[in-house]
Amino acid sequence: MNIHEFQAKELFRRYGVPVPKGIMASTVGEAAAAAARLFEDGVSFVVVKSQIHAGGRGKGTFKEGFQGGVQLCKSPADVTRVAEQMLGKTLVTKQTGAEGRIVRKLLIEIGSKIKKEYYLSILLDRQLSVPVMMASTEGGMDIEEVAKKTPEKILKQPIDPAVGMMPYQARNLASRLGLDGERIQQAVKLMQGVYKTFWECDASLVEINPLILSEGSDGTTHLMALDGKINLDDNALYRHPEIQEMRDLSEEAPLEVEASKFNLNYIKLDGNIACMVNGAGLAMSTMDIIQHFGGSPANFLDVGGGASKEQVAAAFKIILKDPHVKGILVNIFGGIMKCDIIAEGILAAVKDVNLKIPLVVRLEGTNVKLGQQIIRESGLDVIPAESLSDAAQKIVAAVKGLK
Amino acid sequence: MSILVDSSTRILVQGITGKAGGFHAHQCLEYGTQIVAGVTPGKAGEKFEGKVPVFNTVQDAVAETHATVSVVFVPAPFAADAILEGVEAGLALVVCITEGIPVNDMVRVKRAMQGKKTRLIGPNCPGIITPGSGKDSTGGCKIGIMPGYIHKKGNVGVVSRSGTLTYEAVWQLTSLGIGQSTCVGIGGDPVNGTSHLEVIQMLNDDPDTHAIIMIGEIGGTTEEEAARWIKEHGKKPVAAFIAGSTAPPGRRMGHAGAIISGGKGTAAEKIKALRDAGIAISPTPSDMGKTLAALLK
């Protein structure tokens with residue numbers, strides 16, 4: 001699960017990671033009120049940040065024409081004007097795809113005077129099976145580019161989960177980032193807070209880009225998280241009810257939300273051949289073989305190891321809600337799942353939705369003969385397939401024949 | 001011969017009175033697997049299907065029945081506890097079928113298992129099977145949820161991160177008349193007990209394994225690690241398939257471990273590493289059996 005920047009910063013505050021003072025606003029009125037409160041503190045400018053689950057907001061463009069999903073404002077009137085251009089409008093960034101995302105929330109923050117930008121993140125090191133903290137002096141940049149071009153500029157510190165992040169580990173990172181004096185102790189507190197956020201919230205990623213050294217009006221400098229991104233481990237959400245409440249369904253693809261209600265694992269893709277498969281590995285492979293024979297998969301859909309008739313029916317309906325779908329391939333390797341039960345589920349769904357596009361069904365495994373017989377004798381227009389490659393070739397041909 | 005398990009291996013089932021545990025314990029017993037004990041806290045003294053004694057703790061079960069292997073079916077929130085209970089009891093092998101275990105729980109488990117003698121397979125895996133010579137391959141050792149009848153006793157080792165895709169590979173082999181020595185599902189999670197490489201090392205040393213199929217998928221680098229080792233030390237022909245050529249980056253494809261992140265873990269990268277190591281790549285998931293068969297000629 002992903003959460004918004006303002007929610008990530010809420011979690012940061014809880015774990016002692018310094019963030020700029022800010023207020024979330026969902027309406028222009030709220031944005032104006034938030035700005036008024038922040039300007040009362042005597043700041044010279046505030047920052048208005050679009051809240052969507054995608055990066056590249058600053059350089060993004062609104063479909064309505066307004067440039068930039070992050071704006072500096074010098075007065076409450078300025079904030080009102082900018083909020084009107086952002087709220088309810090569609091922001092397109094390099095991470096949203098061409099369709100963009102509707103901005104429904106803004107984060108209004110006091111402006112910071114930036115002396116230096118850094119990068120800081122923590123995620124699982126799959127090779128070591130422990131969390132690894134990564135830091136870089138190349139803050140505010142696309143970190144994947146930095147990793148590709150100058151890997152030596154990315155510092156890595158694996159952390160032993162038995163003891164957590166030790167102060168010396170944070171001091172080492174801070175020193176290698178070129179921090180000195182009081183900034184080292186600030187870095188220890190901040191990095192330990194980031195580790196705690198990661199570990200105690202069961203995050204899969206915590207990323208701060210940029211982490212900044214800001215200069216206060218009195219000339220003192222402080223480390224703080226200017227941005228914040230947190231992804232959470234879905235499998236651990238059951239033990240974090242307060243984080244579950246941060247889920248924003250409007251940020252997720254509607255068909256994926258619908259699928260999750262039926263415990264189906266569905267990911268929409270750009271092609272026109274829908275597939276329905278049991279098991280994640282086989283589902284990926286089915287997408288691959290469709291492409292191998294010149295077709296293009298419309299989705300990833302794993303109905304799981306023990307799907308019921310109802311789940312199969314729900315899966316069909318979700319697949320067909322995608323207007324680009326021109327054909328369906330069902331590929332089931334029945335182990336625990338029996339092929340005759342699947343066949344009945346398919347037939348029920350086909351009748352129910354009044355299917356008008358080609359459907360290829362490949363069944364294998366437990367009770368396969370009975371399943372195939374049920375489909376043959378149904379009188380419905382279902383194309384049976386013998387093997388995975390036979391199935392893929394048949395659906396690709398059928399869909400091309402339609403054009 | 002085989003690796004990890006054979007028809008004499010004595011097995012206990014953690015979560016034997018649950019729905020999944022009970023169903024699959026029954027299937028394993030029918031296959032001929034030596035299920036000698038079950039563990040469900042508070043149900044000591046009961047008998048599963050009238051014959052398998054149930055204990056409160058793994059320690060009690062081991063003391064009483066001398067089981068050396070456990071298979072874990074307990075729900076995800078309690079799975080880490082169950083695995084470590086088996087480790088503490090000194091089992092040689094714990095096979096964890098449970099899916100959906102929080103990643104941090106597995107990070108803790110892996111840390112706690114350092115220096116212990118127990119090997120963990122999984123989690124989120126179909127299990128291990130050493131096919132037998134009876135009808136539908138019965139009489140061997142099936143520890144997990146795979147359908148027994150698709151297997152056939154023979155000399156090809158199979159290692160995979162995926163469940164149904166493994167069945168697909170095994171079925172292709174069996175349909176071609178090629179049997180299997182041992183099939184190991186290592187699971188689709190980012191932190192698991194045993195890697196591709198470790199299983200391949202065991203298969204490489206097993207005299208009854210003559211060839212190996214490795215089934216990988218996008219995400220992580222364990223296939224590349226295995227490939228590097230095979231290039232140096234591999235004594236047997238290896239065929240492979242990598243699932244996920246068409247998967248978009250940044251999206252988790254069902255398995256928690258199947259995600260391309262930061263441009264790493266793509267199918268193309270893995271296939272290149274495997275080819276460099278002299279491994280035969282199956283061009284589609286429909287050609288896994290054929291690709292392996294060509295290596296045996």
# chains A, B, ... in the order shown; residues from 1 in each chain; ligands from 1
>>> residues_around(residues="Lys196 of chain A", least_positions_apart="5", cutoff="9 Å", atoms="only C-alpha atoms", output="PDB file with all heavy atoms, in the first residue's frame")
ATOM      1  N   TYR A  15       7.923   9.407  14.900  1.00  0.00           N
ATOM      2  CA  TYR A  15       9.184   8.723  15.212  1.00  0.00           C
ATOM      3  C   TYR A  15      10.370   9.683  15.320  1.00  0.00           C
ATOM      4  O   TYR A  15      11.518   9.267  15.255  1.00  0.00           O
ATOM      5  CB  TYR A  15       9.454   7.632  14.170  1.00  0.00           C
ATOM      6  CG  TYR A  15       8.461   6.505  14.276  1.00  0.00           C
ATOM      7  CD1 TYR A  15       7.357   6.451  13.437  1.00  0.00           C
ATOM      8  CD2 TYR A  15       8.592   5.523  15.262  1.00  0.00           C
ATOM      9  CE1 TYR A  15       6.417   5.431  13.556  1.00  0.00           C
ATOM     10  CE2 TYR A  15       7.667   4.506  15.386  1.00  0.00           C
ATOM     11  CZ  TYR A  15       6.586   4.465  14.537  1.00  0.00           C
ATOM     12  OH  TYR A  15       5.654   3.461  14.664  1.00  0.00           O
ATOM     13  N   GLY A 164      18.725  -3.309  15.728  1.00  0.00           N
ATOM     14  CA  GLY A 164      18.245  -2.066  15.123  1.00  0.00           C
ATOM     15  C   GLY A 164      19.393  -1.187  14.680  1.00  0.00           C
ATOM     16  O   GLY A 164      20.564  -1.589  14.713  1.00  0.00           O
ATOM     17  N   MET A 165      19.076   0.051  14.266  1.00  0.00           N
ATOM     18  CA  MET A 165      20.132   0.924  13.774  1.00  0.00           C
ATOM     19  C   MET A 165      20.928   1.497  14.937  1.00  0.00           C
ATOM     20  O   MET A 165      20.386   2.179  15.803  1.00  0.00           O
ATOM     21  CB  MET A 165      19.548   2.064  12.954  1.00  0.00           C
ATOM     22  CG  MET A 165      20.652   2.930  12.363  1.00  0.00           C
ATOM     23  SD  MET A 165      20.108   3.953  11.011  1.00  0.00           S
ATOM     24  CE  MET A 165      21.672   4.184  10.138  1.00  0.00           C
ATOM     25  N   MET A 191      18.205   9.515  11.411  1.00  0.00           N
ATOM     26  CA  MET A 191      18.341   8.191  10.776  1.00  0.00           C
ATOM     27  C   MET A 191      17.741   7.093  11.646  1.00  0.00           C
ATOM     28  O   MET A 191      17.105   6.172  11.145  1.00  0.00           O
ATOM     29  CB  MET A 191      19.806   7.891  10.472  1.00  0.00           C
ATOM     30  CG  MET A 191      20.353   8.726   9.314  1.00  0.00           C
ATOM     31  SD  MET A 191      22.107   8.389   9.040  1.00  0.00           S
ATOM     32  CE  MET A 191      22.511   9.671   7.867  1.00  0.00           C
ATOM     33  N   CYS A 201       6.463   0.386  11.438  1.00  0.00           N
ATOM     34  CA  CYS A 201       5.263   0.491  10.585  1.00  0.00           C
ATOM     35  C   CYS A 201       5.191  -0.663   9.584  1.00  0.00           C
ATOM     36  O   CYS A 201       4.243  -0.748   8.821  1.00  0.00           O
ATOM     37  CB  CYS A 201       5.247   1.807   9.817  1.00  0.00           C
ATOM     38  SG  CYS A 201       5.133   3.250  10.866  1.00  0.00           S
TER      39      CYS A 201
END
>>> interface_residues(of="chain A", to="chain B", cutoff="6 Å", atoms="only C-alpha atoms", output="PyMOL selection string")
chain A and resi 129+144+235-236+279-282+284-285+288-289+335+388-389
>>> closest_residue(among="B:His196, B:Lys117, B:His233, B:Lys290", to="Leu173 of chain B", atoms="only C-alpha atoms")
B:Lys290
>>> residues_around(residues="Ile102 of chain A", least_positions_apart="4", cutoff="8 Å", atoms="only C-alpha atoms", output="ChimeraX atom specification")
/A:52,87-91
>>> write_last_selection(atoms="N, CA and C atoms", output="compact mmCIF listing (two decimals), in the first residue's frame")
# COMPACT_ATOMS: atom_id res chain seq x y z
N ILE A 52 -0.48 13.37 -4.66
CA ILE A 52 -0.87 12.19 -5.44
C ILE A 52 0.17 11.10 -5.18
N LEU A 87 -6.56 21.93 -7.29
CA LEU A 87 -7.56 21.02 -6.74
C LEU A 87 -8.60 20.63 -7.79
N GLY A 88 -8.83 19.31 -7.88
CA GLY A 88 -9.80 18.81 -8.85
C GLY A 88 -9.24 18.72 -10.26
N LYS A 89 -8.00 19.15 -10.44
CA LYS A 89 -7.39 19.11 -11.77
C LYS A 89 -6.50 17.87 -11.90
N THR A 90 -6.17 17.52 -13.15
CA THR A 90 -5.42 16.29 -13.40
C THR A 90 -3.95 16.58 -13.65
N LEU A 91 -3.11 16.04 -12.78
CA LEU A 91 -1.67 16.27 -12.87
C LEU A 91 -0.99 15.11 -13.59
>>> decode(residues="segment 92-165 of chain A", atoms="C-alpha atoms", output="mmCIF file, in the first residue's frame")
data_model
loop_
_atom_site.group_PDB
_atom_site.id
_atom_site.type_symbol
_atom_site.label_atom_id
_atom_site.label_comp_id
_atom_site.auth_asym_id
_atom_site.auth_seq_id
_atom_site.Cartn_x
_atom_site.Cartn_y
_atom_site.Cartn_z
ATOM 1 C CA VAL A 92 0.511 14.419 -15.370
ATOM 2 C CA THR A 93 4.053 13.517 -14.278
ATOM 3 C CA LYS A 94 6.620 11.104 -15.665
ATOM 4 C CA GLN A 95 5.347 8.544 -13.157
ATOM 5 C CA THR A 96 1.569 8.878 -13.661
ATOM 6 C CA GLY A 97 1.367 7.861 -17.319
ATOM 7 C CA ALA A 98 -0.496 9.969 -19.863
ATOM 8 C CA GLU A 99 -3.815 9.706 -18.025
ATOM 9 C CA GLY A 100 -2.459 11.576 -14.977
ATOM 10 C CA ARG A 101 -3.997 11.728 -11.507
ATOM 11 C CA ILE A 102 -6.680 14.032 -10.116
ATOM 12 C CA VAL A 103 -5.342 16.183 -7.276
ATOM 13 C CA ARG A 104 -7.748 15.974 -4.342
ATOM 14 C CA LYS A 105 -5.504 17.119 -1.524
ATOM 15 C CA LEU A 106 -2.775 19.711 -1.021
ATOM 16 C CA LEU A 107 -0.044 19.963 1.576
ATOM 17 C CA ILE A 108 0.705 23.575 2.547
ATOM 18 C CA GLU A 109 4.104 23.846 4.253
ATOM 19 C CA ILE A 110 6.290 26.667 5.526
ATOM 20 C CA GLY A 111 9.136 27.342 3.132
ATOM 21 C CA SER A 112 12.664 26.227 3.981
ATOM 22 C CA LYS A 113 15.913 27.890 3.057
ATOM 23 C CA ILE A 114 17.942 25.020 1.586
ATOM 24 C CA LYS A 115 21.718 24.971 2.153
ATOM 25 C CA LYS A 116 22.273 21.460 0.843
ATOM 26 C CA GLU A 117 20.222 18.505 -0.402
ATOM 27 C CA TYR A 118 20.790 14.808 0.371
ATOM 28 C CA TYR A 119 19.086 11.506 -0.340
ATOM 29 C CA LEU A 120 18.113 8.957 2.329
ATOM 30 C CA SER A 121 16.136 5.739 2.110
ATOM 31 C CA ILE A 122 15.697 2.357 3.715
ATOM 32 C CA LEU A 123 14.477 -0.858 2.177
ATOM 33 C CA LEU A 124 15.040 -4.601 2.271
ATOM 34 C CA ASP A 125 18.373 -5.887 0.970
ATOM 35 C CA ARG A 126 17.180 -9.124 -0.600
ATOM 36 C CA GLN A 127 20.629 -10.645 -0.799
ATOM 37 C CA LEU A 128 21.373 -10.126 2.892
ATOM 38 C CA SER A 129 17.739 -10.454 4.088
ATOM 39 C CA VAL A 130 18.150 -7.389 6.333
ATOM 40 C CA PRO A 131 17.122 -3.735 5.971
ATOM 41 C CA VAL A 132 19.699 -1.496 4.298
ATOM 42 C CA MET A 133 19.879 2.283 4.690
ATOM 43 C CA MET A 134 21.052 4.164 1.618
ATOM 44 C CA ALA A 135 22.318 7.732 1.644
ATOM 45 C CA SER A 136 23.764 10.059 -0.948
ATOM 46 C CA THR A 137 24.990 13.605 -1.335
ATOM 47 C CA GLU A 138 23.107 13.679 -4.650
ATOM 48 C CA GLY A 139 19.809 14.791 -3.138
ATOM 49 C CA GLY A 140 16.859 15.986 -5.171
ATOM 50 C CA MET A 141 17.984 13.971 -8.183
ATOM 51 C CA ASP A 142 16.537 10.855 -9.792
ATOM 52 C CA ILE A 143 18.301 8.333 -7.566
ATOM 53 C CA GLU A 144 18.068 5.517 -10.105
ATOM 54 C CA GLU A 145 20.070 7.678 -12.511
ATOM 55 C CA VAL A 146 22.646 8.369 -9.789
ATOM 56 C CA ALA A 147 22.885 4.622 -9.074
ATOM 57 C CA LYS A 148 23.472 3.915 -12.752
ATOM 58 C CA LYS A 149 25.977 6.676 -13.530
ATOM 59 C CA THR A 150 27.824 7.136 -10.244
ATOM 60 C CA PRO A 151 27.179 4.099 -8.029
ATOM 61 C CA GLU A 152 30.036 5.158 -5.731
ATOM 62 C CA LYS A 153 27.928 8.129 -4.623
ATOM 63 C CA ILE A 154 25.376 5.837 -2.997
ATOM 64 C CA LEU A 155 26.345 4.820 0.530
ATOM 65 C CA LYS A 156 24.877 1.647 1.982
ATOM 66 C CA GLN A 157 24.554 0.534 5.592
ATOM 67 C CA PRO A 158 22.976 -2.871 6.319
ATOM 68 C CA ILE A 159 21.194 -2.997 9.674
ATOM 69 C CA ASP A 160 21.004 -6.004 11.975
ATOM 70 C CA PRO A 161 17.334 -6.421 12.913
ATOM 71 C CA ALA A 162 18.326 -7.942 16.257
ATOM 72 C CA VAL A 163 19.691 -4.615 17.536
ATOM 73 C CA GLY A 164 18.245 -2.066 15.123
ATOM 74 C CA MET A 165 20.132 0.924 13.774
#
